[in-house]
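Data block below; observations after.
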Number of protein chains: 2
Amino acid sequence: MESKYRPMWEKLALNLEAHDGLLNVLGNVYQDIYLGQKNRPEGMKYFDFVMSEVHGLRIQELLDAQQQGRKIIGSFCVFVPEELVLAVDGVMVGLCAGADVATEKAEEFLPRNTCALIKGFFGFALADVCPYLATVDLVVGENTCDGKKKAYEICRRENIIENLYIMDMPQMKSEAGLALFRSEYVKFAKELEKLTGKTITPASLQRGIQVVNNKRQALQRLAALRSADPAPISGLDALLINQVSFYDDPIRFTSAVNQVCDEIENRIQAGIGVFPKDRRRIILSGCPMAVPNWKVPMVVESSSAVIVGEESCVGERGFRSQVDESGRTLDQMLEHITQRYFQIDCAVFTPNPSRLEHIKSMTARTKADGVIHYNIQFCSPYQIESGWVEKELESVKIPVLRIDTDYSMDDVEQIRTRVEAFIERISDRELSSST
Amino acid sequence: MESKYRPMWEKLALNLEAHDGLLNVLGNVYQDIYLGQKNRPEGMKYFDFVMSEVHGLRIQELLDAQQQGRKIIGSFCVFVPEELVLAVDGVMVGLCAGADVATEKAEEFLPRNTCALIKGFFGFALADVCPYLATVDLVVGENTCDGKKKAYEICRRENIIENLYIMDMPQMKSEAGLALFRSEYVKFAKELEKLTGKTITPASLQRGIQVVNNKRQALQRLAALRSADPAPISGLDALLINQVSFYDDPIRFTSAVNQVCDEIENRIQAGIGVFPKDRRRIILSGCPMAVPNWKVPMVVESSSAVIVGEESCVGERGFRSQVDESGRTLDQMLEHITQRYFQIDCAVFTPNPSRLEHIKSMTARTKADGVIHYNIQFCSPYQIESGWVEKELESVKIPVLRIDTDYSMDDVEQIRTRVEAFIERISDRELSSST
């Protein structure tokens, strides 16, 4: 692949051949899934551009930032607080984990029955095809699930990821759990200060809080607009925006999201949608979908439904709550940040009752007809919760389809058959309740 | 099955038919695997008796204890401190989880790719065939792995296990992790006081510490004697003793173990073993084996090897370390208990370096020729550690065989083939190094 970024990738010691292959596949998939969509908001052009430059211009920007003395922090999880990174003038980016890359190599270190996301980040690292990983100054791993927790150990032992920092996590939302969580955030703040040689001040942290709150607010605004019928934006595009939130500069991103929202508001007023009115509306709930994991949304929206919300870390779970901005001292602000992130209802917590409430309220707010619970195979926390989610939602007459899959495309037609049957089920239900 | 305990089981609301079936199978398996062994120490008769009465006399004893106002505490894990239970004059027992029972029913609540131990305890509970579960006043679940943590949630929600108390666990051996662990032990102590209406006093806790230390000391003594060649006791019998340690009265058990040890010391002096001298010696390392999970040891010892140690929770990981007895105040004693249990090198901790050191030192002490890493399928923490264990041990010339299996007998012959090839490998090695 000829690209002006080739020297940059070379300098980052990427495996150029494998990286070319990856970009080719990614480009084709994006072309097929995204650019083939009809009636997209004009504002999506920005996100198409970001995606086309996700291994190019954005990496160049990160390298430029490094040149200016800023540090780049990579993460795999929404529990890593960007506010703190911004408070030391750092840049936070998500790391590649959304595709099958070098799976055989990854399975030399990990059991086959490890979830695709974990095998994915191993594969990206082992094959030297993640320019983000090649750029970052620090990678923050977090002890969320057993799989990640033990996989990070291997990364360290085998030096698969350099500069790996581990953030511990509690398992219960108890007082002791909160104390552990808080102490980890304090430790992380110190680590960032050490790494950057910069001191977190009330002013720098307040700015960090505001920037990330603004970003989340824009995403909340977008989420709220998706209640409209006809749907003013596809689920695929909304997911893309959420995915891009992990890569892009937060201020520029926020502005682009608000621009799309402005446009969408006009669309709603004009009754314009991406799909016809009265299309069946679906909430996706469960495991996060990292770029380019678009399989299930693609199947849903190329069947006769539209996704109107993602109850996911790459979705509302990730941006639902805000940091209280009333803090004036560092301690207060850090406490507010801790409190905010401690609310995230990831399935690694036990029990995790608010997640169910959130799925229900999202379903009501977006007037969804049903919920598809998406699970990445071998992700025990979400897989085990899915039984409860299904039972509880069905008991209040919210239809649920559980999909347990990986990143391969082998089961696309099988998923399509199940999704179509599900859409038929919720359509019949609609029909019978309206007659 | 006619039994004098039938009225008792009926009163405990066991499913008599299913329970009869289970006891039949258990009896036959025990007959085949245990009573078919040759040259067993006389002292094993006690443990044979305990096993023959494990659903009979022992349950009667527990019911008698309840009649006397004592409380019965059930657990699934070595992180539940028996010292505290004894300090409120309680009785601690392990709960059934070592066999496939009502698997289909269990899979209505749990994903198929859940480990056999978790599906086992669900199955026992759902099928009403665990007399321990039917007897206990409190069940202590603990947030060790993702599977258990999320499975306990279902138990609570669906009322599959009544009186379920959850003990939280940290994931790292950090200061904050220790603080969380300590606070959970304090909370558990209070829960026990509430349950029993008894107060933990320095005297009662000291007695609890001594009783459990004595039990562990007896198990340590047994473990040390297994260094002898010829092996004075089979691995199956040693495993059985460890398994019985979770069911039996601790004082009576300690005395029975010491009696076997006295006998074994005489055997060693007389050069008597259960197998001929120079038999290949194996350490089993990994997941715990609950009654009646004897598949792999049975295969190993019916091939031409002997197991000389278990690096397992039902083994040295469970009894290796002692509680410091120098504490005089409640706080000191509780701190010593906390410190002792915090040392357990379960794979749920990250990182977990001491486990490797322990496997190495066990191998050296017992003059083992190789290590079989035993993993219960879908147990991510041990499964992921197994790669590291294998690599590190092989690098210091300790041969390793990794076995990943469940409770079914379907793969016995496949395991036998692999075990025999492994024994051949370590025998050839021995041969080539001696020539």
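By convention in this document, the chains of the structure tokens carry letters A, B, ... by their order, each chain's residues are numbered from 1, and ligands are numbered from 1 in the order they are shown.
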
Next item on the list: Do a neighbour search on segment 422-432 of chain A at 8 Å with only C-alpha atoms, toss out local chain neighbours closer than 4 positions, and write the hits as number ranges by chain.
Entry: A: 280, 304-305, 369-370, 399, 401, 418

Report task. Report as a count of residues only: the residues of segment 72-295 of chain B with a DSSP assignment of helix (DSSP H, G or I), based on the backbone of this structure. Result -> 117

Test item: residues at most 7 Å from Arg226 of chain B, only C-alpha atoms, excluding those fewer than 6 positions along its chain, as a list of chain:residue names
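Contacts, with the query itself left out: B:Pro232, B:Val308, B:Thr366.
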
Sorted by chain and rising residue number, list the residues of chain A at most 8 Å from chain B (counting only C-alpha atoms), each with its closest atom pair and distance in Å to one decimal, as a tab-separated table.
residue	atom	partner	partner_atom	distance
A:Phe109	CA	B:Gly387	CA	6.7
A:Leu110	CA	B:Ile384	CA	6.2
A:Pro111	CA	B:Ile384	CA	6.5
A:Asn113	CA	B:Phe378	CA	7.3
A:Thr114	CA	B:Ser380	CA	7.9
A:Asn143	CA	B:Gln171	CA	7.4
A:Cys145	CA	B:Asp146	CA	6.6
A:Asp146	CA	B:Pro381	CA	6.2
A:Gly147	CA	B:Ser380	CA	6.4
A:Lys149	CA	B:Thr350	CA	6.7
A:Lys150	CA	B:Ile384	CA	6.5
A:Ala151	CA	B:Ile384	CA	7.3
A:Glu153	CA	B:Pro351	CA	6.3
A:Ile154	CA	B:Trp388	CA	7.7
A:Asp168	CA	B:Met172	CA	6.9
A:Met169	CA	B:Gln171	CA	7.4
A:Pro170	CA	B:Pro170	CA	6.5
A:Gln171	CA	B:Asp168	CA	7.2
A:Met172	CA	B:Asp168	CA	6.9
A:Ala176	CA	B:Leu180	CA	5.4
A:Gly177	CA	B:Leu180	CA	6.9
A:Ala179	CA	B:Ala176	CA	7.7
A:Leu180	CA	B:Ala176	CA	5.4
A:Ser183	CA	B:Ala176	CA	7.1
A:Val348	CA	B:Asp146	CA	7.2
A:Thr350	CA	B:Lys150	CA	6.6
A:Pro351	CA	B:Glu153	CA	6.3
A:Phe378	CA	B:Asn113	CA	7.3
A:Ser380	CA	B:Gly147	CA	6.4
A:Pro381	CA	B:Asp146	CA	6.2
A:Gln383	CA	B:Pro111	CA	6.9
A:Ile384	CA	B:Leu110	CA	6.2
A:Glu385	CA	B:Lys150	CA	7.3
A:Gly387	CA	B:Phe109	CA	6.6
A:Trp388	CA	B:Ile154	CA	7.7

Practice item. With a distance cut-off of 8 Å and only C-alpha atoms, select the neighbouring residues of segment 289-293 of chain A, excluding the residue or stretch itself and same-chain residues fewer than 6 positions from it, and output the selection as a list of chain:residue names. Key: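 What passes the distance filter is A:Leu26, A:Cys96, A:Ala97, A:Gly98, A:Ala99, A:Leu240, A:Gln243, A:Ser312, A:Val314, A:Tyr407.
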
If you measure from atom CA of Ala203 of chain B to atom CA of Gln60 of chain B, what distance in Å do you get, rounded to one decimal?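 Those two atoms sit 28.5 Å apart.
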
Margin query: Residues within 9 Å of Ile376 of chain A, please, as JSON, numbers by chain. Count only C-alpha atoms; anything in the same chain fewer than 4 positions from it doesn't count.
Written below: {"A": [115, 116, 117, 286, 287, 288, 380, 382, 383, 403, 404, 405, 406, 407]}

Residues near Gly318 of chain B, anyone? I mean within 10 Å using only C-alpha atoms, not counting same-chain ones fewer than 2 positions away, as JSON, numbers by chain.
{"B": [77, 78, 79, 216, 219, 242, 288, 310, 311, 312, 313, 314, 315, 316, 320, 321, 341, 344, 345, 346]}

From the list B:Asp89, B:Phe275, B:Ala270, B:Ala228, the nearest residue to Ile73 of chain B using only C-alpha atoms is B:Asp89

In terms of only C-alpha atoms, the residue from B:Val80, B:Ala218, B:Val389, B:Leu23 at minimal distance from Ile251 of chain B is B:Ala218

Considering only C-alpha atoms, state which residue in the set A:Leu86, A:Ile160, A:Val274, A:Met51 is at the smallest distance from Lys71 of chain A.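 Of A:Leu86, A:Ile160, A:Val274, A:Met51, the one nearest Lys71 of chain A is A:Leu86, counting only C-alpha atoms.
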
>> List as a list of chain:residue names the protein and nucleic acid residues near Asp229 of chain B, meaning an atom at most 9 Å away when only C-alpha atoms are counted, but skip any in the same chain fewer than 3 places from it.
In response: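 My list of contacting residues is B:Arg226, B:Pro232, B:Ile268, B:Gly271, B:Ile272, B:Gly273, B:Pro276, B:Lys277, B:Asp278, B:Arg279, B:Lys367.
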
Selection export as an mmCIF file, in the first residue's frame, atoms kept: all heavy atoms:
data_model
loop_
_atom_site.group_PDB
_atom_site.id
_atom_site.type_symbol
_atom_site.label_atom_id
_atom_site.label_comp_id
_atom_site.auth_asym_id
_atom_site.auth_seq_id
_atom_site.Cartn_x
_atom_site.Cartn_y
_atom_site.Cartn_z
ATOM 1 N N ARG B 226 5.820 -37.683 52.393
ATOM 2 C CA ARG B 226 5.661 -38.195 51.024
ATOM 3 C C ARG B 226 6.942 -38.040 50.197
ATOM 4 O O ARG B 226 6.982 -38.446 49.034
ATOM 5 C CB ARG B 226 4.470 -37.506 50.353
ATOM 6 C CG ARG B 226 3.158 -37.927 51.006
ATOM 7 C CD ARG B 226 2.013 -37.052 50.583
ATOM 8 N NE ARG B 226 1.577 -37.363 49.220
ATOM 9 C CZ ARG B 226 0.719 -36.605 48.548
ATOM 10 N NH1 ARG B 226 0.244 -35.486 49.099
ATOM 11 N NH2 ARG B 226 0.353 -36.942 47.330
ATOM 12 N N PRO B 232 5.185 -43.888 50.644
ATOM 13 C CA PRO B 232 4.516 -44.629 51.719
ATOM 14 C C PRO B 232 2.994 -44.552 51.665
ATOM 15 O O PRO B 232 2.318 -45.279 52.363
ATOM 16 C CB PRO B 232 5.054 -43.937 52.975
ATOM 17 C CG PRO B 232 5.346 -42.547 52.537
ATOM 18 C CD PRO B 232 5.781 -42.638 51.103
ATOM 19 N N ILE B 268 8.213 -46.071 56.418
ATOM 20 C CA ILE B 268 9.409 -45.525 55.768
ATOM 21 C C ILE B 268 10.653 -46.199 56.341
ATOM 22 O O ILE B 268 11.546 -46.624 55.603
ATOM 23 C CB ILE B 268 9.466 -43.987 55.933
ATOM 24 C CG1 ILE B 268 8.294 -43.341 55.169
ATOM 25 C CG2 ILE B 268 10.794 -43.422 55.434
ATOM 26 C CD1 ILE B 268 8.118 -41.850 55.406
ATOM 27 N N GLY B 271 11.056 -49.407 54.940
ATOM 28 C CA GLY B 271 11.186 -49.426 53.474
ATOM 29 C C GLY B 271 9.931 -49.912 52.759
ATOM 30 O O GLY B 271 9.991 -50.387 51.636
ATOM 31 N N ILE B 272 8.790 -49.763 53.424
ATOM 32 C CA ILE B 272 7.533 -50.231 52.825
ATOM 33 C C ILE B 272 6.850 -49.089 52.073
ATOM 34 O O ILE B 272 6.785 -47.965 52.570
ATOM 35 C CB ILE B 272 6.579 -50.765 53.921
ATOM 36 C CG1 ILE B 272 7.212 -51.968 54.620
ATOM 37 C CG2 ILE B 272 5.219 -51.147 53.324
ATOM 38 C CD1 ILE B 272 6.439 -52.425 55.849
ATOM 39 N N GLY B 273 6.342 -49.380 50.909
ATOM 40 C CA GLY B 273 5.621 -48.359 50.152
ATOM 41 C C GLY B 273 4.344 -48.914 49.564
ATOM 42 O O GLY B 273 4.077 -50.111 49.659
ATOM 43 N N PRO B 276 6.207 -49.904 44.147
ATOM 44 C CA PRO B 276 7.647 -50.223 44.185
ATOM 45 C C PRO B 276 8.481 -48.949 44.205
ATOM 46 O O PRO B 276 8.026 -47.878 43.798
ATOM 47 C CB PRO B 276 7.876 -50.993 42.886
ATOM 48 C CG PRO B 276 6.537 -51.407 42.399
ATOM 49 C CD PRO B 276 5.543 -50.438 42.954
ATOM 50 N N LYS B 277 9.690 -49.082 44.645
ATOM 51 C CA LYS B 277 10.647 -47.979 44.661
ATOM 52 C C LYS B 277 10.914 -47.522 43.215
ATOM 53 O O LYS B 277 10.663 -48.258 42.264
ATOM 54 C CB LYS B 277 11.949 -48.476 45.308
ATOM 55 C CG LYS B 277 12.811 -47.376 45.915
ATOM 56 C CD LYS B 277 13.954 -47.989 46.724
ATOM 57 C CE LYS B 277 14.855 -46.914 47.305
ATOM 58 N NZ LYS B 277 15.536 -46.052 46.358
ATOM 59 N N ASP B 278 11.421 -46.300 43.093
ATOM 60 C CA ASP B 278 11.828 -45.762 41.791
ATOM 61 C C ASP B 278 10.682 -45.568 40.806
ATOM 62 O O ASP B 278 10.903 -45.443 39.602
ATOM 63 C CB ASP B 278 12.908 -46.640 41.124
ATOM 64 C CG ASP B 278 14.217 -46.549 41.887
ATOM 65 O OD1 ASP B 278 14.472 -45.483 42.489
ATOM 66 O OD2 ASP B 278 14.965 -47.538 41.901
ATOM 67 N N ARG B 279 9.477 -45.594 41.314
ATOM 68 C CA ARG B 279 8.345 -45.274 40.447
ATOM 69 C C ARG B 279 8.428 -43.779 40.133
ATOM 70 O O ARG B 279 8.900 -42.980 40.937
ATOM 71 C CB ARG B 279 7.050 -45.582 41.201
ATOM 72 C CG ARG B 279 5.830 -45.734 40.320
ATOM 73 C CD ARG B 279 4.682 -46.224 41.194
ATOM 74 N NE ARG B 279 3.392 -46.148 40.550
ATOM 75 C CZ ARG B 279 2.795 -47.171 39.937
ATOM 76 N NH1 ARG B 279 3.387 -48.353 39.886
ATOM 77 N NH2 ARG B 279 1.599 -47.018 39.376
ATOM 78 N N LYS B 367 11.223 -34.770 45.538
ATOM 79 C CA LYS B 367 12.013 -35.433 44.480
ATOM 80 C C LYS B 367 11.109 -35.879 43.336
ATOM 81 O O LYS B 367 11.204 -36.999 42.841
ATOM 82 C CB LYS B 367 12.782 -36.620 45.053
ATOM 83 C CG LYS B 367 13.708 -36.230 46.219
ATOM 84 C CD LYS B 367 14.376 -37.472 46.807
ATOM 85 C CE LYS B 367 14.835 -37.239 48.240
ATOM 86 N NZ LYS B 367 13.727 -37.353 49.239
#

Residues of segment 184-317 of chain B in strand (DSSP E), written as a list in words: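 After running DSSP on the backbone, segment 184-317 of chain B has strand (DSSP E) at Arg280, Arg281, Ile282, Ile283, Leu284, Ser285, Gly286, Ala305, Val306, Ile307, Val308, Gly309, Glu310 and Glu311 of chain B.
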